[in-house]
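Read through the structure below, which is laid out as structure tokens, and then see the notes.
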Amino acid sequence: MTVLRSVGGLGLAGALGGVLVAALAAPVVSGGGIAARDVTKTFIDLPPAPREEPLAQVTRLLDKDGRPFAQFYETNRRIVPLRKVAPVMRRAIVAIEDARFYEHGGLDVRGTLRALLTNTQAGSIRQGGSSLTQQLVKNILVENARTNAERDRARAPNLARKITELRLALALEKKYRKAEILERYLNIAYFGAGAHGVEAAARRFFSTSASKLTLEQAATLAGAVRMPYSTDPSLGRDHRARLRERRDLVLDRMAGLNWITKQEAARAKAAPLGIDLRPEPGGCEQSEYPFYCLYVQRELLSNPAFGNTEAERRNRLARGGLTIRTSLDPIAQRAAERAIKRHVSPEDTEVAAEAMVEPRTGRIRAMAASKGFGRNPGDRKNGPKTTFNLVADVAHGGGQGFQAGSTFKVFTLATALKQGWRFGDGFMTPGSLVPSQGYRDCDGKPVNDPNSRILNASGEGEGGPHSLETGTWKSVNIFYMMLERKVGLCNVVRTAKALGITRADGKPLREVPTFTLGINEMDPVTVAAAFAAFAARGMYCRPLAIVEIVGREGRRTHVPPACERAIEQPVADAVNHVLEGVFDQGTMKGQGLGRPAAGKTGTNNGYTSAWFAGYTPALAAAVSVGDIRGSYRFPLQGVQIGDRFYGSVQGASLPGPIWVESMRSALRNTESRGFPGPDMSRFGGGHTPGLEEALAREEARDGEREGRRRGDHGFGRRHRRLVEWLMGEGLLPPSYGRPRRERHRSHGFFDW
């Protein structure tokens with residue numbers, strides 16, 4: 001395609017284009033030393049077509065079912081091929097912007113002559129007469145600009161810019177077919193209301209797609225291109241009135257070209273504007289699931305796999321037009337949100353957060369918190385929102401986290417089982433403990449703390465014999481401090497690290513005697529992923545939010561799970577067996593899922609925070625509760641959270657119920673499966689001196705209390721159940737009639 005074609009309809013030579021431009025600008029540049037022959041030469045020796053950088057597009061986040069829940073963009077644009085733009089839209093834009101688009105080669109001579117007359121009369125450039133191709137060039141130059149100065153030069157109303165623009169337009173006509181030029185123009189043009197490109201404009205103005213635009217809608221969008229700011233329908237009634245005038249002008253133009261009938265134009269002009277503005281939220285604050293969105297955003301910005309520098313990664317996120325499929329499960333997400341909302345108010349300074357992670361893949365299925373994400377009204381510190389990702393670590397937008405409490409006892413339990421301890425193995429525990437000797441960190445350095453005195457938490461008793469099972473079920477602090485010393489503090493730390501445990505603030509783990517009591521601050525995602533490894537029979541998988549990335553060209557990059565064996569399969573099975581007892585015999589008794597589950601409560605000394613972490617074979621979750629103002633300054637004692645008053649918040653009193661409710665709903669469509677049984681030849685048996693006698697006394701006391709409550713003083717609980725069974729009123733416990741030693745080894749008796 002040549003300049004000759006651009007003026008061929010008038011029978012003129014290609015060089016006439018340069019003469020016309022010189023004449024067009026003559027009133028402005030007379031005396032400026034620019035001769036017509038110089039301008040003519042300018043239009044014979046054409047430069048290459050303008051360099052086209054990839055257009056900025058929207059990056060979208062999708063849940064596991066392909067439904068969008070967040071988007072990032074510097075420019076709200078979605079590129080579509082011309083075949084996906086309604087033919088009526090193509091005709092409308094050509095009619096109003098460049099009716100002879102298919103006849104010229106980049107320079108519309110008639111339009112230029114018309115502008116010449118106008119400018120000659122005015123003594124300045126009042127009308128440009130730009131072709132659609134010239135407008136495309138201008139948009140390309142503006143889009144390529146990286147500084148305000150470059151953008152100003154691309155828009156400057158002077159002769160040098162117009163000549164450069166026209167030369168590049170002629171070069172562009174040589175490079176592309178008309179359909180390709182039109183496609184590029186429709187995707188780059190700004191239509192107003194923040195919408196760049198026809199697809200974004202169709203969605204923004206009419207909540208539809210470019211392929212489904214009607215005559216009235218197409219004429220409206222075509223009319224908006226010339227003056228997108230003064231016709232922006234989001235800015236009010238006056239702007240919409242101007243937009244309607246522009247629409248009607250386009251309809252008249254289309255009728256004048258016989259591209260539609262006058263009757264069609266009249267009917268379309270009589271129709272209302274029909275604006276149906278669709279919000280186009282950007283960023284995580286406006287996302288449906290903001291905490292999950294923030295996690296993905298931080299993962300993209302911090303992971304070198306997505307770009308060599310943070311600036312490169314940020315640019316790719318804002319302009320790359322990526323489609324990022326995540327592992328978010330909307331059923332699990334809604335289940336977590338509803339359970340938290342039932343118990344904790346956004347206005348509470350106490351906050352609850354929950355993460356759900358899939359065993360064997362590490363895929364994060366849900367991230368929910370009691371507060372919304374964003375700034376509070378007036379930027380006040382406390383309110384219904386927060387700028388911290390309460391579910392995640394600092395690297396993913398979170399805060400300092402909360403001490404994980406007794407959930408960390410599972411790492412000591414796993415270490416003991418790995419070293420050959422059996423379920424029934426244990427020892428006598430005192431009522432208090434001073435960790436003055438026997439503790440060394442992984443550098444071999446003594447970390448004893450002779451100035452501390454460890455007490456059992458409320459309900460744990462004043463001491464006595466405990467086994468791995470009873471010490472876990474009752475979450476006995478002193479038993480676990482002593483067990484940690486016996487198996488080695490560093491060995492416990494290594495087990496925790498193998499299961500992905502890192503502090504929420506990114507600092508090294510504190511390797512101190514109270515490590516097993518959860519002295520380190522954690523986030524729910526990290527804890528849930530660690531517990532998911534037990535459900536996966538010892539396979540730890542790094543938390544995974546991004547499953548697949550689809551580039552603007554359609555190239556797919558799958559992100560596989562990153563898993564490795566953290567503990568032996570038999571050891572994991574043994575841990576699961578013990579932790580199942582937490583629901584049957586321990587701190588969560590009476591709060592089961594109605595399906596096999598295992599877990600551990602976590603209540604910190606001084607009630608600074610509370611946790612519950614647990615799992616089924618299909619899903620793991622962790623719930624944390626603490627005061628956002630500072631857990632040490634504001635312990636969870638004497639507080640009202642939601643509509644309930646708590647004398648003290650324990651793992652089983654608030655995090656536990658949230659966990660149960662959310663998991664029950666999240667798993668409603670998942671088949672119930674049990675855990676593989678433990679290798680009893682390796683882990684069964686064991687002996688704790690004095691434990692059987694203590695269990696018998698405990699059972700007797702429980703029977704007496706129950707008898708007093710029910711008024712049947714003549715029978716212990718054990719015999720009362722037998723009578724109920726004989727009368728057809730109840731079931732015998734599975735352990736009835738077994739020798740005491742066998743019952744202890746397999747189930748245990750505490751009713752905590």
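We label chains A, B, ... in the order they appear in the structure tokens, count residues from 1 in each chain, and number ligands from 1 in the order shown.
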
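Counting only C-alpha atoms, Thr133 of chain A has the following residues at most 7 Å away, ignoring those fewer than 5 positions along the same chain: Gly106, Ala169 and Ile181 of chain A.
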
Could you save those same residues with C-alpha atoms as a short mmCIF file (atom, residue, chain, number, x, y, z; two decimals), in the first residue's frame?
```cif
data_model
loop_
_atom_site.label_atom_id
_atom_site.label_comp_id
_atom_site.auth_asym_id
_atom_site.auth_seq_id
_atom_site.Cartn_x
_atom_site.Cartn_y
_atom_site.Cartn_z
CA GLY A 106 -3.45 6.41 5.60
CA ALA A 169 0.42 6.14 9.50
CA ILE A 181 -5.58 -1.71 11.59
#
```

**OP:** Using only C-alpha atoms, determine which residues lie at most 12 Å from Gly399 of chain A, disregarding the query and same-chain residues fewer than 4 positions distant; provide the list as a PyMOL selection string.
**Re:** chain A and resi 386-395+503-506+521-524+628-630

May I have the selected residues written with N, CA, C and O atoms, as an mmCIF file, in the first residue's frame?
```
data_model
loop_
_atom_site.group_PDB
_atom_site.id
_atom_site.type_symbol
_atom_site.label_atom_id
_atom_site.label_comp_id
_atom_site.auth_asym_id
_atom_site.auth_seq_id
_atom_site.Cartn_x
_atom_site.Cartn_y
_atom_site.Cartn_z
ATOM 1 N N THR A 386 -9.025 -3.918 58.210
ATOM 2 C CA THR A 386 -7.601 -3.935 58.526
ATOM 3 C C THR A 386 -6.805 -3.979 57.235
ATOM 4 O O THR A 386 -7.294 -4.501 56.223
ATOM 5 N N THR A 387 -5.606 -3.443 57.264
ATOM 6 C CA THR A 387 -4.747 -3.501 56.084
ATOM 7 C C THR A 387 -3.779 -4.673 56.160
ATOM 8 O O THR A 387 -2.938 -4.839 55.280
ATOM 9 N N PHE A 388 -3.890 -5.492 57.211
ATOM 10 C CA PHE A 388 -3.059 -6.681 57.340
ATOM 11 C C PHE A 388 -3.811 -7.910 56.829
ATOM 12 O O PHE A 388 -5.018 -8.041 57.035
ATOM 13 N N ASN A 389 -3.081 -8.798 56.205
ATOM 14 C CA ASN A 389 -3.652 -10.084 55.822
ATOM 15 C C ASN A 389 -3.591 -10.993 57.049
ATOM 16 O O ASN A 389 -2.591 -11.661 57.300
ATOM 17 N N LEU A 390 -4.659 -11.016 57.811
ATOM 18 C CA LEU A 390 -4.668 -11.696 59.100
ATOM 19 C C LEU A 390 -4.441 -13.197 58.987
ATOM 20 O O LEU A 390 -4.122 -13.851 59.979
ATOM 21 N N VAL A 391 -4.596 -13.751 57.799
ATOM 22 C CA VAL A 391 -4.500 -15.197 57.622
ATOM 23 C C VAL A 391 -3.086 -15.632 57.266
ATOM 24 O O VAL A 391 -2.758 -16.812 57.336
ATOM 25 N N ALA A 392 -2.226 -14.689 56.870
ATOM 26 C CA ALA A 392 -0.940 -15.037 56.264
ATOM 27 C C ALA A 392 0.234 -14.432 57.029
ATOM 28 O O ALA A 392 0.065 -13.649 57.965
ATOM 29 N N ASP A 393 1.427 -14.791 56.572
ATOM 30 C CA ASP A 393 2.644 -14.260 57.170
ATOM 31 C C ASP A 393 2.976 -12.885 56.593
ATOM 32 O O ASP A 393 2.306 -12.393 55.678
ATOM 33 N N VAL A 394 4.026 -12.277 57.124
ATOM 34 C CA VAL A 394 4.415 -10.932 56.697
ATOM 35 C C VAL A 394 4.741 -10.904 55.206
ATOM 36 O O VAL A 394 4.412 -9.947 54.501
ATOM 37 N N ALA A 395 5.378 -11.951 54.712
ATOM 38 C CA ALA A 395 5.757 -11.987 53.300
ATOM 39 C C ALA A 395 4.552 -11.931 52.379
ATOM 40 O O ALA A 395 4.669 -11.524 51.221
ATOM 41 N N ARG A 503 8.350 -18.689 61.365
ATOM 42 C CA ARG A 503 7.653 -17.613 62.066
ATOM 43 C C ARG A 503 6.922 -16.711 61.073
ATOM 44 O O ARG A 503 7.376 -16.509 59.940
ATOM 45 N N ALA A 504 5.820 -16.129 61.513
ATOM 46 C CA ALA A 504 5.043 -15.239 60.651
ATOM 47 C C ALA A 504 5.836 -14.007 60.242
ATOM 48 O O ALA A 504 5.655 -13.488 59.135
ATOM 49 N N ASP A 505 6.730 -13.535 61.127
ATOM 50 C CA ASP A 505 7.499 -12.329 60.810
ATOM 51 C C ASP A 505 8.758 -12.628 60.006
ATOM 52 O O ASP A 505 9.522 -11.722 59.684
ATOM 53 N N GLY A 506 9.011 -13.893 59.699
ATOM 54 C CA GLY A 506 10.163 -14.263 58.886
ATOM 55 C C GLY A 506 11.457 -14.404 59.656
ATOM 56 O O GLY A 506 12.480 -14.782 59.081
ATOM 57 N N GLU A 521 5.337 -16.956 67.128
ATOM 58 C CA GLU A 521 4.165 -16.359 66.486
ATOM 59 C C GLU A 521 3.981 -16.960 65.099
ATOM 60 O O GLU A 521 4.912 -17.015 64.295
ATOM 61 N N MET A 522 2.764 -17.380 64.810
ATOM 62 C CA MET A 522 2.481 -18.093 63.575
ATOM 63 C C MET A 522 1.278 -17.476 62.853
ATOM 64 O O MET A 522 0.560 -16.634 63.397
ATOM 65 N N ASP A 523 1.068 -17.929 61.623
ATOM 66 C CA ASP A 523 -0.101 -17.539 60.836
ATOM 67 C C ASP A 523 -0.890 -18.794 60.482
ATOM 68 O O ASP A 523 -0.324 -19.893 60.404
ATOM 69 N N PRO A 524 -2.189 -18.683 60.265
ATOM 70 C CA PRO A 524 -3.007 -19.870 59.989
ATOM 71 C C PRO A 524 -2.611 -20.654 58.741
ATOM 72 O O PRO A 524 -2.736 -21.878 58.722
ATOM 73 N N ILE A 628 -6.141 -7.682 67.969
ATOM 74 C CA ILE A 628 -5.346 -7.036 66.931
ATOM 75 C C ILE A 628 -4.510 -5.891 67.491
ATOM 76 O O ILE A 628 -3.513 -5.487 66.883
ATOM 77 N N ARG A 629 -4.858 -5.392 68.652
ATOM 78 C CA ARG A 629 -4.105 -4.288 69.243
ATOM 79 C C ARG A 629 -2.814 -4.754 69.918
ATOM 80 O O ARG A 629 -1.960 -3.935 70.240
ATOM 81 N N GLY A 630 -2.681 -6.051 70.108
ATOM 82 C CA GLY A 630 -1.502 -6.594 70.784
ATOM 83 C C GLY A 630 -1.919 -7.663 71.766
ATOM 84 O O GLY A 630 -2.685 -7.379 72.704
#
```

Original post:
Could you pull the residues within 7 Å of segment 243-251 of chain A, counting only C-alpha atoms, minus those fewer than 2 positions along the same chain, as number ranges by chain?
Top reply: A: 92, 96, 219-220, 223-224, 231, 239-241, 253-255, 265, 269, 273

For those residues, write N, CA, C and O atoms to a file as an mmCIF file, in the first residue's frame.
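The resulting file, part_3.cif, is shown below:
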```cif
data_model
loop_
_atom_site.group_PDB
_atom_site.id
_atom_site.type_symbol
_atom_site.label_atom_id
_atom_site.label_comp_id
_atom_site.auth_asym_id
_atom_site.auth_seq_id
_atom_site.Cartn_x
_atom_site.Cartn_y
_atom_site.Cartn_z
ATOM 1 N N ALA A 92 -20.010 1.528 12.872
ATOM 2 C CA ALA A 92 -20.248 2.784 13.594
ATOM 3 C C ALA A 92 -18.958 3.568 13.794
ATOM 4 O O ALA A 92 -18.918 4.787 13.579
ATOM 5 N N ILE A 96 -18.093 7.389 11.883
ATOM 6 C CA ILE A 96 -17.909 8.667 12.550
ATOM 7 C C ILE A 96 -16.458 9.134 12.559
ATOM 8 O O ILE A 96 -16.178 10.336 12.570
ATOM 9 N N ALA A 219 -23.370 2.781 18.440
ATOM 10 C CA ALA A 219 -23.320 4.204 18.104
ATOM 11 C C ALA A 219 -22.897 5.029 19.310
ATOM 12 O O ALA A 219 -22.167 6.026 19.191
ATOM 13 N N THR A 220 -23.335 4.622 20.509
ATOM 14 C CA THR A 220 -22.952 5.327 21.733
ATOM 15 C C THR A 220 -21.448 5.250 21.957
ATOM 16 O O THR A 220 -20.788 6.262 22.235
ATOM 17 N N GLY A 223 -19.505 7.236 19.416
ATOM 18 C CA GLY A 223 -19.585 8.671 19.679
ATOM 19 C C GLY A 223 -18.716 9.108 20.825
ATOM 20 O O GLY A 223 -18.280 10.268 20.888
ATOM 21 N N ALA A 224 -18.411 8.189 21.751
ATOM 22 C CA ALA A 224 -17.638 8.553 22.934
ATOM 23 C C ALA A 224 -16.158 8.726 22.634
ATOM 24 O O ALA A 224 -15.458 9.437 23.361
ATOM 25 N N THR A 231 -17.997 13.086 27.767
ATOM 26 C CA THR A 231 -19.167 12.220 27.594
ATOM 27 C C THR A 231 -19.127 11.019 28.531
ATOM 28 O O THR A 231 -19.860 10.056 28.345
ATOM 29 N N HIS A 239 -23.037 14.846 31.385
ATOM 30 C CA HIS A 239 -22.151 14.044 30.547
ATOM 31 C C HIS A 239 -22.949 13.037 29.722
ATOM 32 O O HIS A 239 -22.653 12.788 28.552
ATOM 33 N N ARG A 240 -23.990 12.490 30.329
ATOM 34 C CA ARG A 240 -24.810 11.521 29.595
ATOM 35 C C ARG A 240 -25.602 12.214 28.484
ATOM 36 O O ARG A 240 -25.829 11.627 27.418
ATOM 37 N N ALA A 241 -26.002 13.450 28.748
ATOM 38 C CA ALA A 241 -26.718 14.194 27.703
ATOM 39 C C ALA A 241 -25.806 14.437 26.499
ATOM 40 O O ALA A 241 -26.225 14.281 25.339
ATOM 41 N N ARG A 253 -24.900 9.943 10.820
ATOM 42 C CA ARG A 253 -23.797 9.729 9.882
ATOM 43 C C ARG A 253 -23.925 8.373 9.192
ATOM 44 O O ARG A 253 -23.699 8.251 7.978
ATOM 45 N N MET A 254 -24.280 7.348 9.939
ATOM 46 C CA MET A 254 -24.443 6.015 9.366
ATOM 47 C C MET A 254 -25.586 5.992 8.355
ATOM 48 O O MET A 254 -25.489 5.358 7.294
ATOM 49 N N ALA A 255 -26.658 6.728 8.676
ATOM 50 C CA ALA A 255 -27.781 6.796 7.733
ATOM 51 C C ALA A 255 -27.391 7.580 6.491
ATOM 52 O O ALA A 255 -27.761 7.219 5.360
ATOM 53 N N ALA A 265 -32.245 4.519 11.981
ATOM 54 C CA ALA A 265 -31.621 5.605 12.733
ATOM 55 C C ALA A 265 -32.638 6.290 13.631
ATOM 56 O O ALA A 265 -32.350 6.599 14.797
ATOM 57 N N LYS A 269 -32.502 6.513 17.659
ATOM 58 C CA LYS A 269 -32.412 7.812 18.329
ATOM 59 C C LYS A 269 -33.532 7.994 19.346
ATOM 60 O O LYS A 269 -33.372 8.724 20.335
ATOM 61 N N LEU A 273 -30.717 6.027 26.335
ATOM 62 C CA LEU A 273 -29.285 5.749 26.237
ATOM 63 C C LEU A 273 -28.958 4.339 26.726
ATOM 64 O O LEU A 273 -28.068 3.683 26.190
#
```

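Excluding Ile275 of chain A itself and same-chain residues fewer than 4 positions from it, the residues having an atom within 10 Å of it are A:Arg204, A:Phe205, A:Phe206, A:Ser207, A:Gln217, A:Thr220, A:Pro233, A:Ser234, A:Arg240, counting only C-alpha atoms.
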
I need the residues from that last selection saved to file as a compact mmCIF listing (two decimals), in the first residue's frame (with N, CA and C atoms), if you can.
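out_3.txt written:
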```txt
# COMPACT_ATOMS: atom_id res chain seq x y z
N ARG A 204 -18.15 -2.00 30.55
CA ARG A 204 -18.30 -0.89 31.48
C ARG A 204 -19.58 -0.11 31.25
N PHE A 205 -19.88 0.20 29.99
CA PHE A 205 -21.05 1.04 29.67
C PHE A 205 -22.36 0.25 29.73
N PHE A 206 -22.34 -0.99 29.22
CA PHE A 206 -23.60 -1.71 29.02
C PHE A 206 -23.64 -3.10 29.65
N SER A 207 -22.61 -3.47 30.39
CA SER A 207 -22.55 -4.80 31.02
C SER A 207 -22.76 -5.91 30.00
N GLN A 217 -26.13 0.80 21.11
CA GLN A 217 -24.94 0.72 21.95
C GLN A 217 -23.67 1.00 21.16
N THR A 220 -23.34 4.62 20.51
CA THR A 220 -22.95 5.33 21.73
C THR A 220 -21.45 5.25 21.96
N PRO A 233 -20.19 8.64 31.02
CA PRO A 233 -21.51 8.47 31.64
C PRO A 233 -21.46 8.28 33.15
N SER A 234 -20.27 7.98 33.69
CA SER A 234 -20.17 7.79 35.13
C SER A 234 -20.12 9.11 35.88
N ARG A 240 -23.99 12.49 30.33
CA ARG A 240 -24.81 11.52 29.60
C ARG A 240 -25.60 12.21 28.48
```

**OP:** Run DSSP on the backbone and grab whatever in segment 145-195 of chain A lands in strand (DSSP E or B); send it over as a ChimeraX atom specification.
**Re:** /A:190-192,195

**OP:** For Arg565 of chain A, work out the shell of residues within 12 Å, counting only C-alpha atoms and skipping chain neighbours fewer than 5 positions away, then give it as an NGL selection string.
**Re:** :A and (360 or 495 or 498-500 or 530 or 533-534 or 536-542 or 571-572)

With all heavy atoms retained, write the just-selected residues as a compact mmCIF listing (two decimals), in the first residue's frame.
```txt
# COMPACT_ATOMS: atom_id res chain seq x y z
N ARG A 360 -1.76 -33.32 50.56
CA ARG A 360 -1.14 -33.96 49.39
C ARG A 360 -0.91 -33.00 48.22
O ARG A 360 -0.29 -33.36 47.23
CB ARG A 360 -1.95 -35.17 48.90
CG ARG A 360 -2.01 -36.29 49.92
CD ARG A 360 -2.89 -37.45 49.46
NE ARG A 360 -2.93 -38.47 50.49
CZ ARG A 360 -3.72 -38.41 51.56
NH1 ARG A 360 -4.55 -37.38 51.72
NH2 ARG A 360 -3.69 -39.36 52.47
N THR A 495 11.75 -31.37 63.43
CA THR A 495 10.47 -31.92 62.98
C THR A 495 9.55 -30.79 62.52
O THR A 495 8.91 -30.88 61.46
CB THR A 495 9.80 -32.71 64.11
OG1 THR A 495 10.62 -33.81 64.48
CG2 THR A 495 8.43 -33.22 63.69
N ALA A 498 10.71 -29.39 59.20
CA ALA A 498 10.41 -30.31 58.10
C ALA A 498 8.95 -30.21 57.68
O ALA A 498 8.60 -30.48 56.52
CB ALA A 498 10.73 -31.74 58.53
N LEU A 499 8.10 -29.79 58.61
CA LEU A 499 6.68 -29.62 58.33
C LEU A 499 6.34 -28.18 57.95
O LEU A 499 5.18 -27.77 58.02
CB LEU A 499 5.86 -30.07 59.54
CG LEU A 499 5.92 -31.58 59.80
CD1 LEU A 499 5.46 -31.92 61.20
CD2 LEU A 499 5.09 -32.32 58.77
N GLY A 500 7.34 -27.41 57.54
CA GLY A 500 7.11 -26.08 56.99
C GLY A 500 6.95 -24.97 58.00
O GLY A 500 6.55 -23.86 57.64
N ALA A 530 1.12 -27.35 57.83
CA ALA A 530 1.86 -28.31 58.64
C ALA A 530 0.96 -29.46 59.08
O ALA A 530 1.34 -30.64 58.99
CB ALA A 530 2.47 -27.61 59.86
N ALA A 533 0.09 -32.09 56.51
CA ALA A 533 1.09 -33.13 56.25
C ALA A 533 0.76 -34.40 57.03
O ALA A 533 1.04 -35.51 56.56
CB ALA A 533 2.48 -32.61 56.62
N PHE A 534 0.19 -34.29 58.22
CA PHE A 534 -0.22 -35.48 58.95
C PHE A 534 -1.37 -36.18 58.22
O PHE A 534 -1.39 -37.40 58.13
CB PHE A 534 -0.63 -35.11 60.38
CG PHE A 534 0.51 -34.58 61.21
CD1 PHE A 534 0.52 -33.28 61.67
CD2 PHE A 534 1.58 -35.40 61.54
CE1 PHE A 534 1.56 -32.79 62.44
CE2 PHE A 534 2.64 -34.93 62.30
CZ PHE A 534 2.63 -33.62 62.76
N ALA A 536 -1.79 -36.15 55.14
CA ALA A 536 -1.18 -36.74 53.94
C ALA A 536 -0.18 -37.83 54.30
O ALA A 536 0.66 -38.21 53.48
CB ALA A 536 -0.49 -35.65 53.12
N ARG A 537 -0.25 -38.32 55.53
CA ARG A 537 0.58 -39.43 56.00
C ARG A 537 2.07 -39.10 55.87
O ARG A 537 2.87 -39.92 55.47
CB ARG A 537 0.23 -40.72 55.27
CG ARG A 537 -1.25 -41.08 55.33
CD ARG A 537 -1.54 -42.41 54.67
NE ARG A 537 -1.03 -43.53 55.49
CZ ARG A 537 -1.04 -44.81 55.07
NH1 ARG A 537 -1.51 -45.11 53.87
NH2 ARG A 537 -0.57 -45.76 55.85
N GLY A 538 2.40 -37.87 56.23
CA GLY A 538 3.80 -37.48 56.31
C GLY A 538 4.35 -36.69 55.16
O GLY A 538 5.51 -36.26 55.20
N MET A 539 3.56 -36.45 54.11
CA MET A 539 4.02 -35.66 52.97
C MET A 539 3.67 -34.20 53.19
O MET A 539 2.49 -33.83 53.26
CB MET A 539 3.38 -36.15 51.68
CG MET A 539 3.86 -37.51 51.21
SD MET A 539 5.63 -37.54 50.80
CE MET A 539 5.65 -36.45 49.38
N TYR A 540 4.70 -33.36 53.32
CA TYR A 540 4.47 -31.93 53.47
C TYR A 540 4.48 -31.26 52.10
O TYR A 540 5.38 -31.49 51.28
CB TYR A 540 5.53 -31.28 54.34
CG TYR A 540 5.46 -29.76 54.32
CD1 TYR A 540 4.44 -29.10 54.99
CD2 TYR A 540 6.37 -29.01 53.57
CE1 TYR A 540 4.34 -27.71 54.94
CE2 TYR A 540 6.28 -27.62 53.53
CZ TYR A 540 5.26 -26.98 54.21
OH TYR A 540 5.16 -25.62 54.14
N CYS A 541 3.49 -30.42 51.86
CA CYS A 541 3.40 -29.67 50.60
C CYS A 541 3.37 -28.18 50.92
O CYS A 541 2.57 -27.73 51.76
CB CYS A 541 2.14 -30.05 49.82
SG CYS A 541 2.07 -31.79 49.36
N ARG A 542 4.23 -27.44 50.26
CA ARG A 542 4.28 -25.99 50.46
C ARG A 542 2.92 -25.38 50.11
O ARG A 542 2.30 -25.77 49.12
CB ARG A 542 5.36 -25.40 49.55
CG ARG A 542 5.52 -23.90 49.65
CD ARG A 542 6.59 -23.41 48.68
NE ARG A 542 6.74 -21.97 48.74
CZ ARG A 542 6.02 -21.11 48.03
NH1 ARG A 542 5.09 -21.56 47.20
NH2 ARG A 542 6.21 -19.82 48.14
N VAL A 571 4.78 -43.07 61.31
CA VAL A 571 4.77 -42.07 62.38
C VAL A 571 3.57 -41.15 62.21
O VAL A 571 2.87 -40.82 63.18
CB VAL A 571 6.08 -41.27 62.40
CG1 VAL A 571 5.99 -40.10 63.37
CG2 VAL A 571 7.25 -42.18 62.76
N ALA A 572 3.31 -40.71 60.97
CA ALA A 572 2.15 -39.85 60.72
C ALA A 572 0.85 -40.57 61.08
O ALA A 572 -0.05 -39.97 61.68
CB ALA A 572 2.13 -39.41 59.25
```
